[in-house]
>>> print(open('target_12.txt').read())   # compact mmCIF, C-alpha atoms
# COMPACT_ATOMS: atom_id res chain seq x y z
CA ASP A 1 125.39 101.36 95.86
CA SER A 2 124.88 97.70 96.78
CA GLY A 3 124.46 96.57 93.18
CA VAL A 4 120.96 95.23 93.88
CA THR A 5 118.28 96.99 91.84
CA GLN A 6 114.62 97.06 92.77
CA THR A 7 111.73 98.48 90.78
CA PRO A 8 109.47 100.28 91.24
CA LYS A 9 110.70 102.41 94.15
CA HIS A 10 107.20 103.53 95.02
CA LEU A 11 103.83 102.02 94.21
CA ILE A 12 100.36 103.16 95.19
CA THR A 13 97.43 100.90 94.49
CA ALA A 14 93.99 99.97 95.76
CA THR A 15 92.74 97.08 97.83
CA GLY A 16 92.06 93.95 95.83
CA GLN A 17 94.63 94.76 93.19
CA ARG A 18 97.74 92.81 92.17
CA VAL A 19 101.28 94.16 91.85
CA THR A 20 104.65 92.79 90.82
CA LEU A 21 107.92 93.88 92.38
CA ARG A 22 111.12 93.24 90.51
CA CYS A 23 114.65 92.63 91.74
CA SER A 24 117.94 92.34 89.90
CA PRO A 25 120.66 90.85 92.12
CA ARG A 26 124.30 91.81 92.13
CA SER A 27 126.25 90.46 89.22
CA GLY A 28 127.29 86.90 90.04
CA ASP A 29 124.95 86.45 93.00
CA LEU A 30 122.87 83.29 92.75
CA SER A 31 120.76 83.69 95.86
CA VAL A 32 117.88 86.15 96.23
CA TYR A 33 115.93 86.90 99.39
CA TRP A 34 112.73 88.89 99.86
CA TYR A 35 111.92 90.72 103.09
CA GLN A 36 108.94 92.80 104.19
CA GLN A 37 109.56 95.75 106.51
CA SER A 38 106.68 97.31 108.43
CA LEU A 39 106.51 99.41 111.57
CA ASP A 40 104.75 96.79 113.65
CA GLN A 41 106.43 93.61 112.38
CA GLY A 42 109.93 94.86 111.61
CA LEU A 43 111.92 92.99 108.97
CA GLN A 44 110.20 89.73 108.12
CA PHE A 45 111.76 87.11 105.86
CA LEU A 46 109.41 86.08 103.07
CA ILE A 47 111.21 83.73 100.72
CA GLN A 48 114.61 82.76 99.30
CA TYR A 49 115.61 81.50 95.88
CA TYR A 50 118.88 79.98 94.84
CA ASN A 51 119.73 79.64 91.16
CA GLY A 52 116.09 79.49 90.15
CA GLU A 53 114.84 77.16 92.84
CA GLU A 54 112.97 77.99 96.02
CA ARG A 55 115.29 77.35 98.97
CA ALA A 56 113.48 78.63 102.05
CA LYS A 57 110.10 80.02 102.93
CA GLY A 58 109.24 82.35 105.77
CA ASN A 59 106.13 84.24 106.73
CA ILE A 60 104.86 84.60 103.20
CA LEU A 61 101.12 84.80 102.72
CA GLU A 62 99.38 82.51 100.23
CA ARG A 63 98.35 85.65 98.31
CA PHE A 64 102.03 86.31 97.67
CA SER A 65 104.26 84.38 95.32
CA ALA A 66 107.73 84.75 93.91
CA GLN A 67 110.02 83.29 91.30
CA GLN A 68 113.56 83.57 90.09
CA PHE A 69 114.19 83.53 86.37
CA PRO A 70 117.08 81.99 84.38
CA ASP A 71 118.83 85.37 84.23
CA LEU A 72 118.61 85.34 88.06
CA HIS A 73 116.31 88.32 88.43
CA SER A 74 113.38 87.75 90.75
CA GLU A 75 109.82 88.93 90.98
CA LEU A 76 107.52 89.10 93.98
CA ASN A 77 103.83 89.00 93.13
CA LEU A 78 101.32 90.35 95.63
CA SER A 79 97.63 89.76 94.91
CA SER A 80 94.27 90.56 96.49
CA LEU A 81 96.01 93.37 98.26
CA GLU A 82 94.85 94.50 101.68
CA LEU A 83 95.59 97.66 103.61
CA GLY A 84 97.91 95.70 105.88
CA ASP A 85 100.15 94.81 102.95
CA SER A 86 101.40 98.39 102.86
CA ALA A 87 105.09 98.08 103.65
CA LEU A 88 108.61 98.39 102.34
CA TYR A 89 109.65 95.29 100.43
CA PHE A 90 113.36 94.57 100.22
CA CYS A 91 115.24 92.27 97.96
CA ALA A 92 118.69 91.07 98.96
CA SER A 93 121.23 88.89 97.22
CA SER A 94 124.30 86.91 98.17
CA VAL A 95 127.04 85.25 96.20
CA ALA A 96 126.12 81.69 97.16
CA VAL A 97 124.34 79.63 99.72
CA GLU A 98 126.91 79.91 102.47
CA PRO A 99 126.40 80.65 106.12
CA THR A 100 129.07 83.32 106.56
CA GLY A 101 128.14 85.48 103.62
CA GLU A 102 126.46 88.82 104.01
CA LEU A 103 123.31 89.86 102.23
CA PHE A 104 123.38 92.88 99.94
CA PHE A 105 120.14 94.84 100.04
CA GLY A 106 118.41 96.92 97.43
CA GLU A 107 116.78 100.22 98.33
CA GLY A 108 113.37 98.68 98.55
CA SER A 109 109.96 99.08 96.95
CA ARG A 110 107.51 101.05 99.03
CA LEU A 111 103.98 99.75 98.55
CA THR A 112 100.99 101.78 99.67
CA VAL A 113 97.58 100.13 99.50
CA LEU A 114 94.64 102.54 99.74
CA ALA B 115 115.45 78.28 115.22
CA GLN B 116 117.23 81.55 115.77
CA SER B 117 115.95 84.83 117.16
CA VAL B 118 117.31 88.24 118.08
CA THR B 119 116.23 90.72 120.71
CA GLN B 120 117.37 94.31 120.50
CA LEU B 121 117.00 96.11 123.79
CA GLY B 122 115.72 99.64 123.29
CA SER B 123 113.85 100.66 120.18
CA HIS B 124 115.27 104.18 120.47
CA VAL B 125 118.64 105.33 121.80
CA SER B 126 119.61 108.98 122.02
CA VAL B 127 123.19 110.17 122.60
CA SER B 128 125.09 113.41 122.38
CA GLU B 129 127.69 113.96 119.69
CA GLY B 130 131.02 112.64 120.98
CA ALA B 131 129.42 110.29 123.49
CA LEU B 132 129.70 106.51 123.60
CA VAL B 133 127.23 104.58 121.49
CA LEU B 134 126.00 101.25 122.89
CA LEU B 135 123.31 99.30 121.08
CA ARG B 136 122.32 96.02 122.68
CA CYS B 137 121.60 92.73 120.98
CA ASN B 138 120.91 89.33 122.48
CA TYR B 139 120.45 86.24 120.39
CA SER B 140 118.99 82.81 120.73
CA SER B 141 120.35 79.97 118.67
CA SER B 142 120.46 76.20 119.01
CA VAL B 143 123.63 76.04 116.93
CA PRO B 144 126.73 78.24 116.86
CA PRO B 145 125.50 81.51 115.41
CA TYR B 146 126.76 83.84 112.81
CA LEU B 147 125.91 87.40 113.83
CA PHE B 148 125.57 90.59 111.84
CA TRP B 149 124.90 94.28 112.39
CA TYR B 150 123.31 96.28 109.60
CA VAL B 151 122.59 100.01 109.39
CA GLN B 152 119.70 101.63 107.53
CA TYR B 153 119.84 105.31 106.68
CA PRO B 154 116.59 107.10 105.79
CA ASN B 155 115.13 106.00 102.48
CA GLN B 156 117.92 103.53 101.87
CA GLY B 157 118.46 99.80 102.04
CA LEU B 158 120.39 97.98 104.72
CA GLN B 159 124.17 98.11 104.71
CA LEU B 160 126.47 95.71 106.55
CA LEU B 161 128.42 97.24 109.44
CA LEU B 162 130.18 94.12 110.66
CA LYS B 163 129.79 90.40 111.15
CA TYR B 164 130.98 87.64 113.46
CA THR B 165 131.50 84.20 112.02
CA THR B 166 134.33 82.42 113.84
CA GLY B 167 137.62 83.38 115.43
CA ALA B 168 138.21 86.65 117.24
CA THR B 169 135.22 87.63 119.34
CA LEU B 170 135.85 91.37 118.99
CA VAL B 171 134.86 92.39 115.51
CA LYS B 172 135.65 95.75 113.93
CA GLY B 173 133.43 97.20 111.27
CA ILE B 174 133.02 100.28 109.17
CA ASN B 175 132.66 103.85 110.44
CA GLY B 176 134.43 103.09 113.74
CA PHE B 177 131.89 100.57 115.01
CA GLU B 178 132.80 97.34 116.73
CA ALA B 179 130.94 94.50 118.43
CA GLU B 180 131.92 91.75 120.83
CA PHE B 181 130.53 88.24 120.69
CA LYS B 182 129.95 86.92 124.22
CA LYS B 183 128.75 83.35 124.14
CA SER B 184 128.20 83.14 127.88
CA GLU B 185 125.87 86.13 127.73
CA THR B 186 124.41 85.31 124.27
CA SER B 187 125.11 88.91 123.37
CA PHE B 188 126.54 90.83 120.44
CA HIS B 189 126.39 94.48 121.48
CA LEU B 190 127.45 97.22 119.06
CA THR B 191 129.63 100.09 120.28
CA LYS B 192 131.34 103.20 119.00
CA PRO B 193 133.54 105.31 121.29
CA SER B 194 132.43 108.69 119.95
CA ALA B 195 129.16 109.35 118.18
CA HIS B 196 129.00 111.53 115.09
CA MET B 197 125.95 113.24 113.68
CA SER B 198 126.22 111.05 110.59
CA ASP B 199 125.67 107.94 112.75
CA ALA B 200 121.99 108.79 113.14
CA ALA B 201 120.19 105.86 111.56
CA GLU B 202 118.40 102.63 112.40
CA TYR B 203 120.53 99.66 113.39
CA PHE B 204 119.57 96.03 113.03
CA CYS B 205 121.14 92.99 114.62
CA ALA B 206 120.72 89.71 112.74
CA VAL B 207 121.51 86.06 113.29
CA ARG B 208 121.98 83.08 111.05
CA GLY B 209 122.43 79.52 112.20
CA SER B 210 125.53 77.65 111.11
CA GLY B 211 123.71 74.42 110.47
CA GLY B 212 121.28 73.26 107.82
CA SER B 213 120.66 74.79 104.46
CA ASN B 214 118.54 77.77 105.43
CA TYR B 215 120.78 80.77 105.06
CA LYS B 216 118.27 83.52 105.67
CA LEU B 217 119.05 86.20 108.24
CA THR B 218 116.67 86.70 111.14
CA PHE B 219 116.58 90.35 112.18
CA GLY B 220 115.78 92.11 115.41
CA LYS B 221 113.20 94.90 115.40
CA GLY B 222 115.86 97.56 115.13
CA THR B 223 117.16 100.42 117.27
CA LEU B 224 116.80 103.99 116.09
CA LEU B 225 119.89 105.99 117.04
CA THR B 226 119.51 109.76 117.46
CA VAL B 227 122.63 111.90 117.83
CA ASN B 228 122.13 115.30 119.45
CA PRO B 229 124.50 118.20 118.79
>>> encode(input="target_12.txt", output="structure tokens")
Amino acid sequence: DSGVTQTPKHLITATGQRVTLRCSPRSGDLSVYWYQQSLDQGLQFLIQYYNGEERAKGNILERFSAQQFPDLHSELNLSSLELGDSALYFCASSVAVEPTGELFFGEGSRLTVL
Amino acid sequence: AQSVTQLGSHVSVSEGALVLLRCNYSSSVPPYLFWYVQYPNQGLQLLLKYTTGATLVKGINGFEAEFKKSETSFHLTKPSAHMSDAAEYFCAVRGSGGSNYKLTFGKGTLLTVNP
């Protein structure tokens, strides 16, 4: 158990809909990362937050947005969903913004868009 | 910018045989390198990491990796494969400079262990 909690574990929805994925980082971790894992693209970095502020942005679509709340949990919002958005979405956390620290991953939220 | 190339999307070995999973990186600054393992229906778990110092790094479950700067490689090895090693393995890199501490992952190598 990494200590990172993601909900829901599975989500099935239709094209055009909007979903919210939630992540609770490990106790004491200030930094949260979101990754998308798909068969064709592999693990793609989406966005990073540190103590409530956006720190880095990756290949995140404009239809996607995220935020980190004062209690440090984070949400990833996916809107106007397309079939290609079907993927496993991982949240990871780390203790601080430091280059040698590992990321601790949750078990992921599997999104299926029909 | 950093990138990682994992050679071989699928590696199959017999139980008891040597495991060798290849990873080459590209980085404009001294890299920090990581190997993660993903078991079915689970998140990623750190196997080992190289930051500075000794270039041969030992990790969990008997795995080790050697950082070779001249070859820009960080290959993962285990002397004797066990059935429980069957999983997907990801190499990742992070640059030591700047403030962007995300990990950039390779596309992964699926390890199959045959009895």
>>> interface_residues(input="target_12.txt", of="chain B", to="chain A", cutoff="9 Å", atoms="only C-alpha atoms", output="short mmCIF file (atom, residue, chain, number, x, y, z; two decimals) with C-alpha atoms, in the coordinates of the input")
data_model
loop_
_atom_site.label_atom_id
_atom_site.label_comp_id
_atom_site.auth_asym_id
_atom_site.auth_seq_id
_atom_site.Cartn_x
_atom_site.Cartn_y
_atom_site.Cartn_z
CA TYR B 146 126.76 83.84 112.81
CA LEU B 147 125.91 87.40 113.83
CA PHE B 148 125.57 90.59 111.84
CA ASN B 155 115.13 106.00 102.48
CA GLN B 156 117.92 103.53 101.87
CA GLY B 157 118.46 99.80 102.04
CA LEU B 158 120.39 97.98 104.72
CA GLN B 159 124.17 98.11 104.71
CA LEU B 160 126.47 95.71 106.55
CA LYS B 163 129.79 90.40 111.15
CA TYR B 164 130.98 87.64 113.46
CA THR B 165 131.50 84.20 112.02
CA ARG B 208 121.98 83.08 111.05
CA GLY B 209 122.43 79.52 112.20
CA SER B 210 125.53 77.65 111.11
CA GLY B 211 123.71 74.42 110.47
CA SER B 213 120.66 74.79 104.46
CA ASN B 214 118.54 77.77 105.43
CA TYR B 215 120.78 80.77 105.06
CA LYS B 216 118.27 83.52 105.67
CA LEU B 217 119.05 86.20 108.24
CA THR B 218 116.67 86.70 111.14
CA PHE B 219 116.58 90.35 112.18
CA GLY B 220 115.78 92.11 115.41
CA LYS B 221 113.20 94.90 115.40
CA GLY B 222 115.86 97.56 115.13
#
>>> residues_around(input="target_12.txt", residues="Thr112 in chain A", least_positions_apart="6", cutoff="9 Å", atoms="all atoms listed in the file", output="ChimeraX atom specification")
/A:10-14,83,85-88
>>> write_last_selection(input="target_12.txt", atoms="C-alpha atoms", output="PDB file, in the frame of the given file")
ATOM      1  CA  HIS A  10     107.200 103.530  95.020  1.00  0.00           C
ATOM      2  CA  LEU A  11     103.830 102.020  94.210  1.00  0.00           C
ATOM      3  CA  ILE A  12     100.360 103.160  95.190  1.00  0.00           C
ATOM      4  CA  THR A  13      97.430 100.900  94.490  1.00  0.00           C
ATOM      5  CA  ALA A  14      93.990  99.970  95.760  1.00  0.00           C
ATOM      6  CA  LEU A  83      95.590  97.660 103.610  1.00  0.00           C
ATOM      7  CA  ASP A  85     100.150  94.810 102.950  1.00  0.00           C
ATOM      8  CA  SER A  86     101.400  98.390 102.860  1.00  0.00           C
ATOM      9  CA  ALA A  87     105.090  98.080 103.650  1.00  0.00           C
ATOM     10  CA  LEU A  88     108.610  98.390 102.340  1.00  0.00           C
TER      11      LEU A  88
END
>>> atom_distance(input="target_12.txt", atom1="CA of Ser27 in chain A", atom2="CA of Tyr203 in chain B")
26.5 Å
>>> closest_residue(input="target_12.txt", among="A:Ser79, A:Asn51, A:Ser74, A:Gln67", to="Gly28 in chain A", atoms="only C-alpha atoms")
A:Asn51
>>> closest_residue(input="target_12.txt", among="A:Leu111, A:Thr15, A:Tyr50, A:Leu81", to="Gln68 in chain A", atoms="all atoms listed in the file")
A:Tyr50
>>> closest_residue(input="target_12.txt", among="B:Ser142, B:Pro154, B:His196, B:Trp149", to="Gly173 in chain B", atoms="all atoms listed in the file")
B:Trp149
>>> atom_distance(input="target_12.txt", atom1="CA of Ala206 in chain B", atom2="CA of Ser194 in chain B")
23.4 Å
>>> closest_residue(input="target_12.txt", among="B:Ala200, B:Val118, B:Leu132, B:Ala168", to="Val151 in chain B", atoms="all atoms listed in the file")
B:Ala200
>>> atom_distance(input="target_12.txt", atom1="CA of His189 in chain B", atom2="CA of Phe204 in chain B")
11.0 Å
>>> residues_near_point(input="target_12.txt", point="(129.5, 93.0, 117.4)", cutoff="6 Å", atoms="all atoms listed in the file", output="list in words")
Val171, Glu178, Ala179, Glu180, Phe181, Phe188, His189 and Leu190 of chain B
